[in-house]
file structure_32.csv (CSV, C-alpha atoms)
chain,number,residue,atom,x,y,z
A,1,MET,CA,-1.5,-13.8,9.6
A,2,LEU,CA,1.2,-13.7,6.9
A,3,PRO,CA,0.2,-14.0,3.2
A,4,LEU,CA,2.3,-16.2,1.0
A,5,TYR,CA,0.6,-16.2,-2.4
A,6,ASP,CA,-2.8,-16.1,-4.1
A,7,ASP,CA,-4.5,-18.4,-6.5
A,8,ILE,CA,-5.3,-15.9,-9.3
A,9,PRO,CA,-2.8,-16.1,-12.1
A,10,ALA,CA,-2.2,-12.8,-14.0
A,11,ARG,CA,-2.9,-12.9,-17.7
A,12,ARG,CA,0.0,-10.7,-18.7
A,13,PRO,CA,3.4,-9.7,-17.2
A,14,ALA,CA,3.0,-7.3,-14.3
A,15,ILE,CA,5.6,-4.9,-15.7
A,16,PHE,CA,4.9,-2.0,-13.3
A,17,THR,CA,4.6,-4.2,-10.3
A,18,TYR,CA,8.0,-5.7,-10.9
A,19,ALA,CA,9.5,-2.3,-11.7
A,20,LEU,CA,8.1,-0.8,-8.4
A,21,ILE,CA,9.5,-3.7,-6.4
A,22,ILE,CA,12.9,-3.4,-8.0
A,23,ALA,CA,12.9,0.4,-7.6
A,24,ASN,CA,12.0,0.2,-3.9
A,25,ILE,CA,14.7,-2.3,-3.2
A,26,LEU,CA,17.4,-0.3,-5.1
A,27,ILE,CA,16.4,2.9,-3.4
A,28,PHE,CA,16.5,1.3,0.0
A,29,LEU,CA,19.9,-0.1,-0.6
A,30,ALA,CA,21.1,3.3,-1.8
A,31,THR,CA,19.7,5.2,1.2
A,32,LYS,CA,19.7,2.8,4.2
A,33,ASN,CA,23.1,4.0,5.6
A,34,ASP,CA,21.8,7.6,6.0
A,35,MET,CA,18.0,7.0,6.1
A,36,GLY,CA,17.5,9.8,8.6
A,37,TYR,CA,18.7,12.4,6.1
A,38,TYR,CA,16.8,10.9,3.2
A,39,ALA,CA,13.6,10.6,5.2
A,40,VAL,CA,13.7,14.3,6.0
A,41,GLU,CA,14.7,15.4,2.4
A,42,TYR,CA,12.3,13.1,0.5
A,43,GLY,CA,9.7,12.1,3.0
A,44,ILE,CA,6.5,14.0,3.9
A,45,ILE,CA,6.8,16.3,6.9
A,46,PRO,CA,3.3,17.8,7.5
A,47,ALA,CA,4.5,20.9,9.3
A,48,ARG,CA,6.8,21.7,6.3
A,49,VAL,CA,4.0,21.1,3.8
A,50,TRP,CA,1.8,23.6,5.6
A,51,ALA,CA,4.6,26.1,6.1
A,52,ASP,CA,5.5,26.3,2.4
A,53,GLY,CA,2.2,25.2,0.8
A,54,SER,CA,3.9,22.3,-1.0
A,55,PHE,CA,0.8,20.1,-1.3
A,56,PHE,CA,1.9,19.0,-4.8
A,57,SER,CA,5.6,18.7,-4.3
A,58,VAL,CA,7.7,15.8,-5.6
A,59,ASN,CA,8.0,14.5,-2.0
A,60,PHE,CA,4.4,13.2,-2.4
A,61,LEU,CA,5.9,10.8,-4.9
A,62,THR,CA,9.4,10.2,-3.4
A,63,TYR,CA,8.1,9.3,0.1
A,64,MET,CA,6.6,6.2,-1.4
A,65,PHE,CA,10.0,4.8,-2.2
A,66,MET,CA,11.6,5.5,1.3
A,67,HIS,CA,11.7,2.7,3.9
A,68,GLY,CA,13.0,2.8,7.4
A,69,SER,CA,14.2,-0.7,7.8
A,70,TRP,CA,14.5,-4.1,6.0
A,71,LEU,CA,11.3,-5.2,7.8
A,72,HIS,CA,9.4,-2.2,6.6
A,73,LEU,CA,10.6,-2.8,3.1
A,74,LEU,CA,10.1,-6.5,2.9
A,75,GLY,CA,6.7,-6.4,4.4
A,76,ASN,CA,5.5,-3.8,1.9
A,77,MET,CA,7.1,-5.7,-1.0
A,78,LEU,CA,5.5,-9.0,0.0
A,79,TYR,CA,2.1,-7.4,-0.2
A,80,MET,CA,3.0,-5.7,-3.5
A,81,TRP,CA,4.2,-9.1,-4.9
A,82,ILE,CA,1.0,-10.9,-4.0
A,83,PHE,CA,-1.7,-8.4,-4.7
A,84,ALA,CA,-0.5,-5.7,-7.2
A,85,ASN,CA,0.1,-7.9,-10.2
A,86,ASN,CA,-3.6,-8.8,-10.4
A,87,VAL,CA,-4.7,-5.2,-10.0
A,88,GLU,CA,-2.3,-4.2,-12.7
A,89,ASP,CA,-3.8,-6.9,-14.8
A,90,ALA,CA,-7.3,-5.5,-14.3
A,91,LEU,CA,-6.4,-1.8,-14.7
A,92,GLY,CA,-3.9,-2.1,-17.5
A,93,TYR,CA,-0.4,-0.6,-18.0
A,94,ILE,CA,-1.6,3.0,-18.2
A,95,LYS,CA,-4.2,3.2,-15.4
A,96,PHE,CA,-2.3,1.1,-12.9
A,97,PRO,CA,0.7,3.4,-12.2
A,98,ILE,CA,-1.6,6.4,-12.0
A,99,PHE,CA,-3.9,4.5,-9.6
A,100,TYR,CA,-0.9,3.5,-7.4
A,101,ILE,CA,0.5,7.0,-7.3
A,102,LEU,CA,-2.9,8.6,-6.5
A,103,SER,CA,-3.6,6.1,-3.7
A,104,GLY,CA,-0.3,7.0,-2.1
A,105,TYR,CA,-0.9,10.7,-2.6
A,106,ILE,CA,-4.3,10.5,-0.9
A,107,ALA,CA,-2.8,8.6,2.0
A,108,ALA,CA,-0.1,11.3,2.5
A,109,LEU,CA,-2.5,14.2,2.0
A,110,VAL,CA,-4.9,12.9,4.7
A,111,HIS,CA,-1.9,12.4,7.0
A,112,VAL,CA,-0.8,16.0,6.5
A,113,PHE,CA,-4.3,17.3,7.3
A,114,LEU,CA,-4.7,15.1,10.4
A,115,PHE,CA,-1.3,16.0,11.8
A,116,PRO,CA,-0.5,19.5,10.6
A,117,ASN,CA,2.1,20.2,13.3
A,118,SER,CA,4.0,17.0,13.0
A,119,HIS,CA,7.7,17.1,12.1
A,120,ALA,CA,8.0,13.3,11.8
A,121,PRO,CA,8.7,12.2,8.3
A,122,LEU,CA,6.1,10.0,6.6
A,123,ILE,CA,7.8,7.4,4.4
A,124,GLY,CA,6.9,4.1,2.8
A,125,ALA,CA,4.8,2.5,0.1
A,126,SER,CA,2.1,1.4,2.6
A,127,GLY,CA,-0.4,4.0,1.6
A,128,ALA,CA,-0.2,3.2,-2.0
A,129,ILE,CA,-0.3,-0.5,-1.4
A,130,SER,CA,-3.3,-0.1,0.8
A,131,GLY,CA,-5.1,1.3,-2.3
A,132,ILE,CA,-4.0,-1.9,-4.1
A,133,LEU,CA,-5.5,-4.0,-1.4
A,134,ALA,CA,-8.8,-2.2,-1.6
A,135,ALA,CA,-8.9,-2.8,-5.4
A,136,TYR,CA,-7.9,-6.4,-5.0
A,137,MET,CA,-10.7,-7.1,-2.5
A,138,ILE,CA,-13.3,-5.6,-4.8
A,139,LEU,CA,-12.1,-7.2,-8.0
A,140,TYR,CA,-11.2,-10.7,-6.6
A,141,PRO,CA,-13.3,-11.1,-3.4
A,142,TYR,CA,-13.2,-14.9,-3.5
A,143,ALA,CA,-9.6,-15.4,-4.5
A,144,GLY,CA,-7.8,-17.7,-2.2
A,145,ILE,CA,-5.0,-16.1,-0.2
A,146,HIS,CA,-2.6,-18.9,1.1
A,147,THR,CA,-1.6,-17.6,4.5
A,148,PHE,CA,0.6,-18.5,7.5
A,149,VAL,CA,-1.8,-18.6,10.5
A,150,PHE,CA,-0.3,-18.3,13.9
A,151,LEU,CA,-2.4,-19.7,16.8
A,152,GLY,CA,-0.2,-19.6,19.8
A,153,PHE,CA,2.3,-22.4,19.3
A,154,PHE,CA,0.3,-23.9,16.4
A,155,ILE,CA,1.2,-22.7,12.9
A,156,THR,CA,-0.6,-23.8,9.8
A,157,ILE,CA,-1.2,-22.6,6.2
A,158,ALA,CA,-4.8,-21.9,5.3
A,159,LYS,CA,-6.5,-20.6,2.2
A,160,ILE,CA,-8.5,-17.6,3.2
A,161,PRO,CA,-10.9,-15.7,0.9
A,162,ALA,CA,-9.5,-12.3,-0.1
A,163,PHE,CA,-12.5,-10.3,1.2
A,164,PHE,CA,-12.0,-11.9,4.6
A,165,TYR,CA,-8.2,-11.6,4.7
A,166,ILE,CA,-8.1,-8.0,3.5
A,167,GLY,CA,-11.2,-7.0,5.5
A,168,PHE,CA,-9.4,-8.4,8.6
A,169,TRP,CA,-6.3,-6.4,7.6
A,170,PHE,CA,-8.4,-3.2,7.2
A,171,PHE,CA,-10.0,-3.5,10.6
A,172,SER,CA,-6.6,-4.2,12.2
A,173,GLN,CA,-5.5,-0.8,10.9
A,174,ILE,CA,-8.5,0.8,12.6
A,175,PHE,CA,-7.6,-0.9,15.9
A,176,GLY,CA,-4.0,0.2,15.4
A,177,LEU,CA,-5.1,3.8,15.0
A,178,PHE,CA,-6.5,3.7,18.6
A,179,GLY,CA,-3.9,1.6,20.3
A,180,GLY,CA,-1.0,0.6,18.0
A,181,PRO,CA,2.6,1.8,17.9
A,182,GLU,CA,2.7,5.6,17.2
A,183,ARG,CA,5.5,5.2,14.8
A,184,ILE,CA,3.1,3.5,12.3
A,185,ALA,CA,1.0,5.8,10.2
A,186,TRP,CA,-2.2,3.8,10.6
A,187,ASP,CA,-4.2,6.8,9.3
A,188,ALA,CA,-2.3,6.7,6.0
A,189,HIS,CA,-3.0,3.0,5.6
A,190,ILE,CA,-6.8,3.6,6.2
A,191,SER,CA,-7.0,6.6,3.9
A,192,GLY,CA,-5.0,4.9,1.1
A,193,PHE,CA,-7.4,2.0,1.3
A,194,VAL,CA,-10.5,4.2,1.2
A,195,GLY,CA,-8.9,6.2,-1.6
A,196,GLY,CA,-8.3,3.0,-3.5
A,197,LEU,CA,-12.0,2.1,-3.2
A,198,LEU,CA,-13.0,5.5,-4.6
A,199,LEU,CA,-10.4,5.5,-7.4
A,200,LEU,CA,-11.4,2.0,-8.5
A,201,LYS,CA,-14.9,3.3,-9.3
A,202,ILE,CA,-13.3,6.0,-11.5
A,203,PHE,CA,-10.7,3.9,-13.2
A,204,LEU,CA,-12.8,0.8,-13.7
A,205,PRO,CA,-16.5,1.8,-13.5
A,206,ASN,CA,-17.5,-1.7,-14.8
A,207,TYR,CA,-15.7,-3.5,-12.1
A,208,GLN,CA,-18.8,-5.6,-11.3
A,209,ASP,CA,-18.6,-7.1,-14.7
A,210,TYR,CA,-14.9,-7.8,-14.1
A,211,GLN,CA,-15.8,-9.8,-11.0
A,212,ILE,CA,-18.2,-11.9,-13.0
A,213,ARG,CA,-15.6,-12.7,-15.6
A,214,HIS,CA,-13.1,-13.7,-12.9

call {"tool": "encode", "arguments": {"input": "structure_32.csv", "output": "C-alpha cells"}}
result
Amino acid sequence: MLPLYDDIPARRPAIFTYALIIANILIFLATKNDMGYYAVEYGIIPARVWADGSFFSVNFLTYMFMHGSWLHLLGNMLYMWIFANNVEDALGYIKFPIFYILSGYIAALVHVFLFPNSHAPLIGASGAISGILAAYMILYPYAGIHTFVFLGFFITIAKIPAFFYIGFWFFSQIFGLFGGPERIAWDAHISGFVGGLLLLKIFLPNYQDYQIRH
C-alpha cells in the first residue's frame, strides 16, 4: 500500500514540516555523491557511541537528515508530507520540532542499545517519522488515507482509516524485524513509533479532547 494524501486539512501553514522536507532534500543533494563518507561522519554507529560515550552527540540529530538513496529519501518525505502537517497543527510550532527530534533520538538510542557492537551507520528520518505516524494515528484515527492498493495485477485507490493504515504499517515493521532485509533498521522504526506514543501523552495530555474536536 502506498499513501497518496489524507482528508484532514491543516488549519495553519505547516512551517516546520515544509522546512524539514526542504532540508532533507538539500542535504541529500549535497551528500549523495559521497554518501559513504557522510554516513560514517554524521550517522549513528553504535560501536562508536559506546566506545566514546557519545550518547548525546550531535550525530543523534544529523543522522535524521542523511539518506542512502533517492528511494530512501522520497519514501520518507512522502510520509512526512502526508502525516506531519496535521501533527504539527495539533502540537504547535514550538512542541512539534521538539517532538520530532525526540522521536528520532529515541529510535537511534534504542538501536544503539540493541546493537552495541554494530559498525553499520544508522541514517534516515524514518525513526522520527515513525513517531509522527504514532501521533497521527492517535489524534486522527478515522482520517481517510487515500492509498494505492496493489492486489496482484489489480491496482486501485482506496480510502483507508488512519488507525488501520498506520496499524498495518506498524505490524509490518514487526514482521520485518524477524524476516525483512537486514539493511533496514526495523527496530528504529518500532521504537520511534512507541516513543511517539509516549511523547504525545507528555506534549498533548488532553489529546482525547483533540480527537473529539476533530

call {"tool": "atom_distance", "arguments": {"input": "structure_32.csv", "atom1": "atom CA of Ser130 of chain A", "atom2": "atom CA of Tyr207 of chain A"}}
result
18.2 Å

call {"tool": "closest_residue", "arguments": {"input": "structure_32.csv", "among": "A:Ala125, A:Leu29, A:Ile160, A:Val87", "to": "Gly75 of chain A", "atoms": "all atoms listed in the file"}}
result
A:Ala125

call {"tool": "atom_distance", "arguments": {"input": "structure_32.csv", "atom1": "atom CA of Tyr140 of chain A", "atom2": "atom CA of Asn206 of chain A"}}
result
13.7 Å

call {"tool": "residues_around", "arguments": {"input": "structure_32.csv", "residues": "segment 56-67 of chain A", "least_positions_apart": "3", "cutoff": "10 Å", "atoms": "only C-alpha atoms", "output": "PyMOL selection string"}}
result
chain A and resi 20-21+23-29+31-32+35+38-45+49+53+70-74+76+100-102+104-109+121-129

call {"tool": "closest_residue", "arguments": {"input": "structure_32.csv", "among": "A:Ala135, A:Asn117, A:Tyr37, A:Ile82", "to": "Ile202 of chain A", "atoms": "all atoms listed in the file"}}
result
A:Ala135

call {"tool": "decode", "arguments": {"input": "structure_32.csv", "residues": "segment 2-154 of chain A", "atoms": "C-alpha atoms", "output": "PDB file, in the first residue's frame"}}
result
ATOM      1  CA  LEU A   2       1.279   3.449  -0.959  1.00  0.00           C
ATOM      2  CA  PRO A   3      -0.319   6.523   0.682  1.00  0.00           C
ATOM      3  CA  LEU A   4      -1.202   9.453  -1.569  1.00  0.00           C
ATOM      4  CA  TYR A   5      -2.923  12.027   0.657  1.00  0.00           C
ATOM      5  CA  ASP A   6      -5.257  12.334   3.606  1.00  0.00           C
ATOM      6  CA  ASP A   7      -8.568  14.154   4.004  1.00  0.00           C
ATOM      7  CA  ILE A   8      -7.727  16.272   7.072  1.00  0.00           C
ATOM      8  CA  PRO A   9      -6.834  19.838   6.060  1.00  0.00           C
ATOM      9  CA  ALA A  10      -4.380  21.644   8.326  1.00  0.00           C
ATOM     10  CA  ARG A  11      -5.636  24.836   9.942  1.00  0.00           C
ATOM     11  CA  ARG A  12      -2.342  26.729   9.558  1.00  0.00           C
ATOM     12  CA  PRO A  13       0.791  26.520   7.421  1.00  0.00           C
ATOM     13  CA  ALA A  14       2.987  23.571   8.363  1.00  0.00           C
ATOM     14  CA  ILE A  15       6.156  25.657   8.570  1.00  0.00           C
ATOM     15  CA  PHE A  16       8.396  23.060  10.194  1.00  0.00           C
ATOM     16  CA  THR A  17       7.089  20.204   8.077  1.00  0.00           C
ATOM     17  CA  TYR A  18       7.953  22.091   4.893  1.00  0.00           C
ATOM     18  CA  ALA A  19      11.306  23.169   6.349  1.00  0.00           C
ATOM     19  CA  LEU A  20      12.194  19.585   7.264  1.00  0.00           C
ATOM     20  CA  ILE A  21      11.315  18.320   3.786  1.00  0.00           C
ATOM     21  CA  ILE A  22      13.372  21.024   2.103  1.00  0.00           C
ATOM     22  CA  ALA A  23      16.315  20.461   4.462  1.00  0.00           C
ATOM     23  CA  ASN A  24      16.299  16.710   3.865  1.00  0.00           C
ATOM     24  CA  ILE A  25      16.234  17.157   0.098  1.00  0.00           C
ATOM     25  CA  LEU A  26      19.001  19.769   0.074  1.00  0.00           C
ATOM     26  CA  ILE A  27      21.230  17.729   2.370  1.00  0.00           C
ATOM     27  CA  PHE A  28      20.715  14.630   0.240  1.00  0.00           C
ATOM     28  CA  LEU A  29      21.675  16.548  -2.905  1.00  0.00           C
ATOM     29  CA  ALA A  30      24.780  17.865  -1.170  1.00  0.00           C
ATOM     30  CA  THR A  31      25.913  14.464   0.133  1.00  0.00           C
ATOM     31  CA  LYS A  32      24.694  11.866  -2.359  1.00  0.00           C
ATOM     32  CA  ASN A  33      27.962  11.689  -4.323  1.00  0.00           C
ATOM     33  CA  ASP A  34      29.941  10.675  -1.235  1.00  0.00           C
ATOM     34  CA  MET A  35      27.231   9.205   0.976  1.00  0.00           C
ATOM     35  CA  GLY A  36      29.531   6.545   2.445  1.00  0.00           C
ATOM     36  CA  TYR A  37      31.738   9.234   3.971  1.00  0.00           C
ATOM     37  CA  TYR A  38      28.877  11.359   5.265  1.00  0.00           C
ATOM     38  CA  ALA A  39      27.030   8.346   6.698  1.00  0.00           C
ATOM     39  CA  VAL A  40      30.078   7.460   8.775  1.00  0.00           C
ATOM     40  CA  GLU A  41      30.772  11.043   9.828  1.00  0.00           C
ATOM     41  CA  TYR A  42      27.199  12.115  10.608  1.00  0.00           C
ATOM     42  CA  GLY A  43      25.297   8.871  11.098  1.00  0.00           C
ATOM     43  CA  ILE A  44      24.928   6.823  14.266  1.00  0.00           C
ATOM     44  CA  ILE A  45      27.459   3.995  14.641  1.00  0.00           C
ATOM     45  CA  PRO A  46      26.534   2.065  17.809  1.00  0.00           C
ATOM     46  CA  ALA A  47      30.027   0.720  18.491  1.00  0.00           C
ATOM     47  CA  ARG A  48      31.447   4.249  18.275  1.00  0.00           C
ATOM     48  CA  VAL A  49      28.767   5.631  20.585  1.00  0.00           C
ATOM     49  CA  TRP A  50      29.628   3.017  23.211  1.00  0.00           C
ATOM     50  CA  ALA A  51      33.365   3.494  22.724  1.00  0.00           C
ATOM     51  CA  ASP A  52      33.362   7.238  23.356  1.00  0.00           C
ATOM     52  CA  GLY A  53      30.172   7.561  25.402  1.00  0.00           C
ATOM     53  CA  SER A  54      28.656   9.999  22.922  1.00  0.00           C
ATOM     54  CA  PHE A  55      25.024   9.320  23.779  1.00  0.00           C
ATOM     55  CA  PHE A  56      24.153  12.991  23.361  1.00  0.00           C
ATOM     56  CA  SER A  57      26.335  13.843  20.397  1.00  0.00           C
ATOM     57  CA  VAL A  58      25.177  15.995  17.501  1.00  0.00           C
ATOM     58  CA  ASN A  59      25.076  12.829  15.379  1.00  0.00           C
ATOM     59  CA  PHE A  60      21.810  11.925  17.092  1.00  0.00           C
ATOM     60  CA  LEU A  61      20.401  14.907  15.210  1.00  0.00           C
ATOM     61  CA  THR A  62      22.362  14.839  11.959  1.00  0.00           C
ATOM     62  CA  TYR A  63      21.639  11.172  11.257  1.00  0.00           C
ATOM     63  CA  MET A  64      17.972  12.096  10.705  1.00  0.00           C
ATOM     64  CA  PHE A  65      18.955  14.164   7.653  1.00  0.00           C
ATOM     65  CA  MET A  66      21.116  11.520   5.941  1.00  0.00           C
ATOM     66  CA  HIS A  67      19.556   9.221   3.308  1.00  0.00           C
ATOM     67  CA  GLY A  68      21.215   6.432   1.390  1.00  0.00           C
ATOM     68  CA  SER A  69      19.290   6.693  -1.877  1.00  0.00           C
ATOM     69  CA  TRP A  70      16.583   8.560  -3.749  1.00  0.00           C
ATOM     70  CA  LEU A  71      14.121   5.813  -2.828  1.00  0.00           C
ATOM     71  CA  HIS A  72      15.009   6.113   0.849  1.00  0.00           C
ATOM     72  CA  LEU A  73      14.606   9.889   0.732  1.00  0.00           C
ATOM     73  CA  LEU A  74      11.395  10.032  -1.309  1.00  0.00           C
ATOM     74  CA  GLY A  75       9.696   7.340   0.746  1.00  0.00           C
ATOM     75  CA  ASN A  76      10.382   9.211   3.967  1.00  0.00           C
ATOM     76  CA  MET A  77       9.424  12.583   2.527  1.00  0.00           C
ATOM     77  CA  LEU A  78       6.134  11.205   1.189  1.00  0.00           C
ATOM     78  CA  TYR A  79       5.148  10.087   4.681  1.00  0.00           C
ATOM     79  CA  MET A  80       6.345  13.402   6.092  1.00  0.00           C
ATOM     80  CA  TRP A  81       4.257  15.335   3.552  1.00  0.00           C
ATOM     81  CA  ILE A  82       1.070  13.375   4.256  1.00  0.00           C
ATOM     82  CA  PHE A  83       1.182  12.972   8.032  1.00  0.00           C
ATOM     83  CA  ALA A  84       3.453  15.564   9.651  1.00  0.00           C
ATOM     84  CA  ASN A  85       1.485  18.707   8.790  1.00  0.00           C
ATOM     85  CA  ASN A  86      -1.519  17.618  10.853  1.00  0.00           C
ATOM     86  CA  VAL A  87       0.639  16.595  13.803  1.00  0.00           C
ATOM     87  CA  GLU A  88       2.360  19.975  13.625  1.00  0.00           C
ATOM     88  CA  ASP A  89      -1.088  21.544  13.548  1.00  0.00           C
ATOM     89  CA  ALA A  90      -2.035  19.749  16.768  1.00  0.00           C
ATOM     90  CA  LEU A  91       1.219  20.263  18.667  1.00  0.00           C
ATOM     91  CA  GLY A  92       2.024  23.779  17.512  1.00  0.00           C
ATOM     92  CA  TYR A  93       5.181  25.411  16.255  1.00  0.00           C
ATOM     93  CA  ILE A  94       7.146  25.011  19.496  1.00  0.00           C
ATOM     94  CA  LYS A  95       6.281  21.467  20.551  1.00  0.00           C
ATOM     95  CA  PHE A  96       6.321  19.877  17.099  1.00  0.00           C
ATOM     96  CA  PRO A  97      10.051  20.178  16.278  1.00  0.00           C
ATOM     97  CA  ILE A  98      10.935  19.016  19.789  1.00  0.00           C
ATOM     98  CA  PHE A  99       8.577  16.055  19.414  1.00  0.00           C
ATOM     99  CA  TYR A 100      10.135  15.193  16.056  1.00  0.00           C
ATOM    100  CA  ILE A 101      13.719  15.352  17.304  1.00  0.00           C
ATOM    101  CA  LEU A 102      12.969  13.356  20.455  1.00  0.00           C
ATOM    102  CA  SER A 103      11.194  10.641  18.452  1.00  0.00           C
ATOM    103  CA  GLY A 104      14.270  10.331  16.267  1.00  0.00           C
ATOM    104  CA  TYR A 105      16.559  10.354  19.296  1.00  0.00           C
ATOM    105  CA  ILE A 106      14.607   7.554  20.985  1.00  0.00           C
ATOM    106  CA  ALA A 107      14.721   5.495  17.776  1.00  0.00           C
ATOM    107  CA  ALA A 108      18.502   5.859  17.490  1.00  0.00           C
ATOM    108  CA  LEU A 109      19.137   5.283  21.189  1.00  0.00           C
ATOM    109  CA  VAL A 110      17.199   2.008  21.216  1.00  0.00           C
ATOM    110  CA  HIS A 111      19.111   0.898  18.114  1.00  0.00           C
ATOM    111  CA  VAL A 112      22.404   1.668  19.861  1.00  0.00           C
ATOM    112  CA  PHE A 113      21.408  -0.407  22.886  1.00  0.00           C
ATOM    113  CA  LEU A 114      20.162  -3.332  20.791  1.00  0.00           C
ATOM    114  CA  PHE A 115      23.240  -3.477  18.554  1.00  0.00           C
ATOM    115  CA  PRO A 116      26.145  -2.214  20.687  1.00  0.00           C
ATOM    116  CA  ASN A 117      28.803  -3.870  18.526  1.00  0.00           C
ATOM    117  CA  SER A 118      27.487  -2.718  15.159  1.00  0.00           C
ATOM    118  CA  HIS A 119      29.712  -0.615  12.925  1.00  0.00           C
ATOM    119  CA  ALA A 120      26.979  -0.028  10.329  1.00  0.00           C
ATOM    120  CA  PRO A 121      25.830   3.608  10.227  1.00  0.00           C
ATOM    121  CA  LEU A 122      22.207   4.312  11.090  1.00  0.00           C
ATOM    122  CA  ILE A 123      20.841   7.083   8.866  1.00  0.00           C
ATOM    123  CA  GLY A 124      17.463   8.418   7.798  1.00  0.00           C
ATOM    124  CA  ALA A 125      14.407  10.251   9.088  1.00  0.00           C
ATOM    125  CA  SER A 126      12.399   7.043   9.485  1.00  0.00           C
ATOM    126  CA  GLY A 127      12.633   6.882  13.282  1.00  0.00           C
ATOM    127  CA  ALA A 128      11.390  10.435  13.721  1.00  0.00           C
ATOM    128  CA  ILE A 129       8.667   9.956  11.113  1.00  0.00           C
ATOM    129  CA  SER A 130       7.563   6.796  12.921  1.00  0.00           C
ATOM    130  CA  GLY A 131       6.857   8.991  15.941  1.00  0.00           C
ATOM    131  CA  ILE A 132       4.815  11.261  13.683  1.00  0.00           C
ATOM    132  CA  LEU A 133       2.787   8.273  12.472  1.00  0.00           C
ATOM    133  CA  ALA A 134       2.056   7.235  16.044  1.00  0.00           C
ATOM    134  CA  ALA A 135       0.801  10.710  16.931  1.00  0.00           C
ATOM    135  CA  TYR A 136      -1.295  10.920  13.763  1.00  0.00           C
ATOM    136  CA  MET A 137      -2.937   7.555  14.468  1.00  0.00           C
ATOM    137  CA  ILE A 138      -3.957   8.666  17.962  1.00  0.00           C
ATOM    138  CA  LEU A 139      -5.042  12.181  17.006  1.00  0.00           C
ATOM    139  CA  TYR A 140      -6.835  11.355  13.748  1.00  0.00           C
ATOM    140  CA  PRO A 141      -7.813   7.668  13.946  1.00  0.00           C
ATOM    141  CA  TYR A 142     -10.678   7.980  11.465  1.00  0.00           C
ATOM    142  CA  ALA A 143      -8.996  10.262   8.950  1.00  0.00           C
ATOM    143  CA  GLY A 144      -9.169   8.845   5.453  1.00  0.00           C
ATOM    144  CA  ILE A 145      -5.822   7.912   3.923  1.00  0.00           C
ATOM    145  CA  HIS A 146      -6.220   7.721   0.147  1.00  0.00           C
ATOM    146  CA  THR A 147      -3.968   4.843  -0.804  1.00  0.00           C
ATOM    147  CA  PHE A 148      -2.722   2.920  -3.827  1.00  0.00           C
ATOM    148  CA  VAL A 149      -3.605  -0.709  -3.119  1.00  0.00           C
ATOM    149  CA  PHE A 150      -1.806  -3.417  -5.081  1.00  0.00           C
ATOM    150  CA  LEU A 151      -3.584  -6.777  -5.289  1.00  0.00           C
ATOM    151  CA  GLY A 152      -1.573  -8.810  -7.743  1.00  0.00           C
ATOM    152  CA  PHE A 153      -2.216  -7.279 -11.158  1.00  0.00           C
ATOM    153  CA  PHE A 154      -5.156  -5.292  -9.796  1.00  0.00           C
TER     154      PHE A 154
END
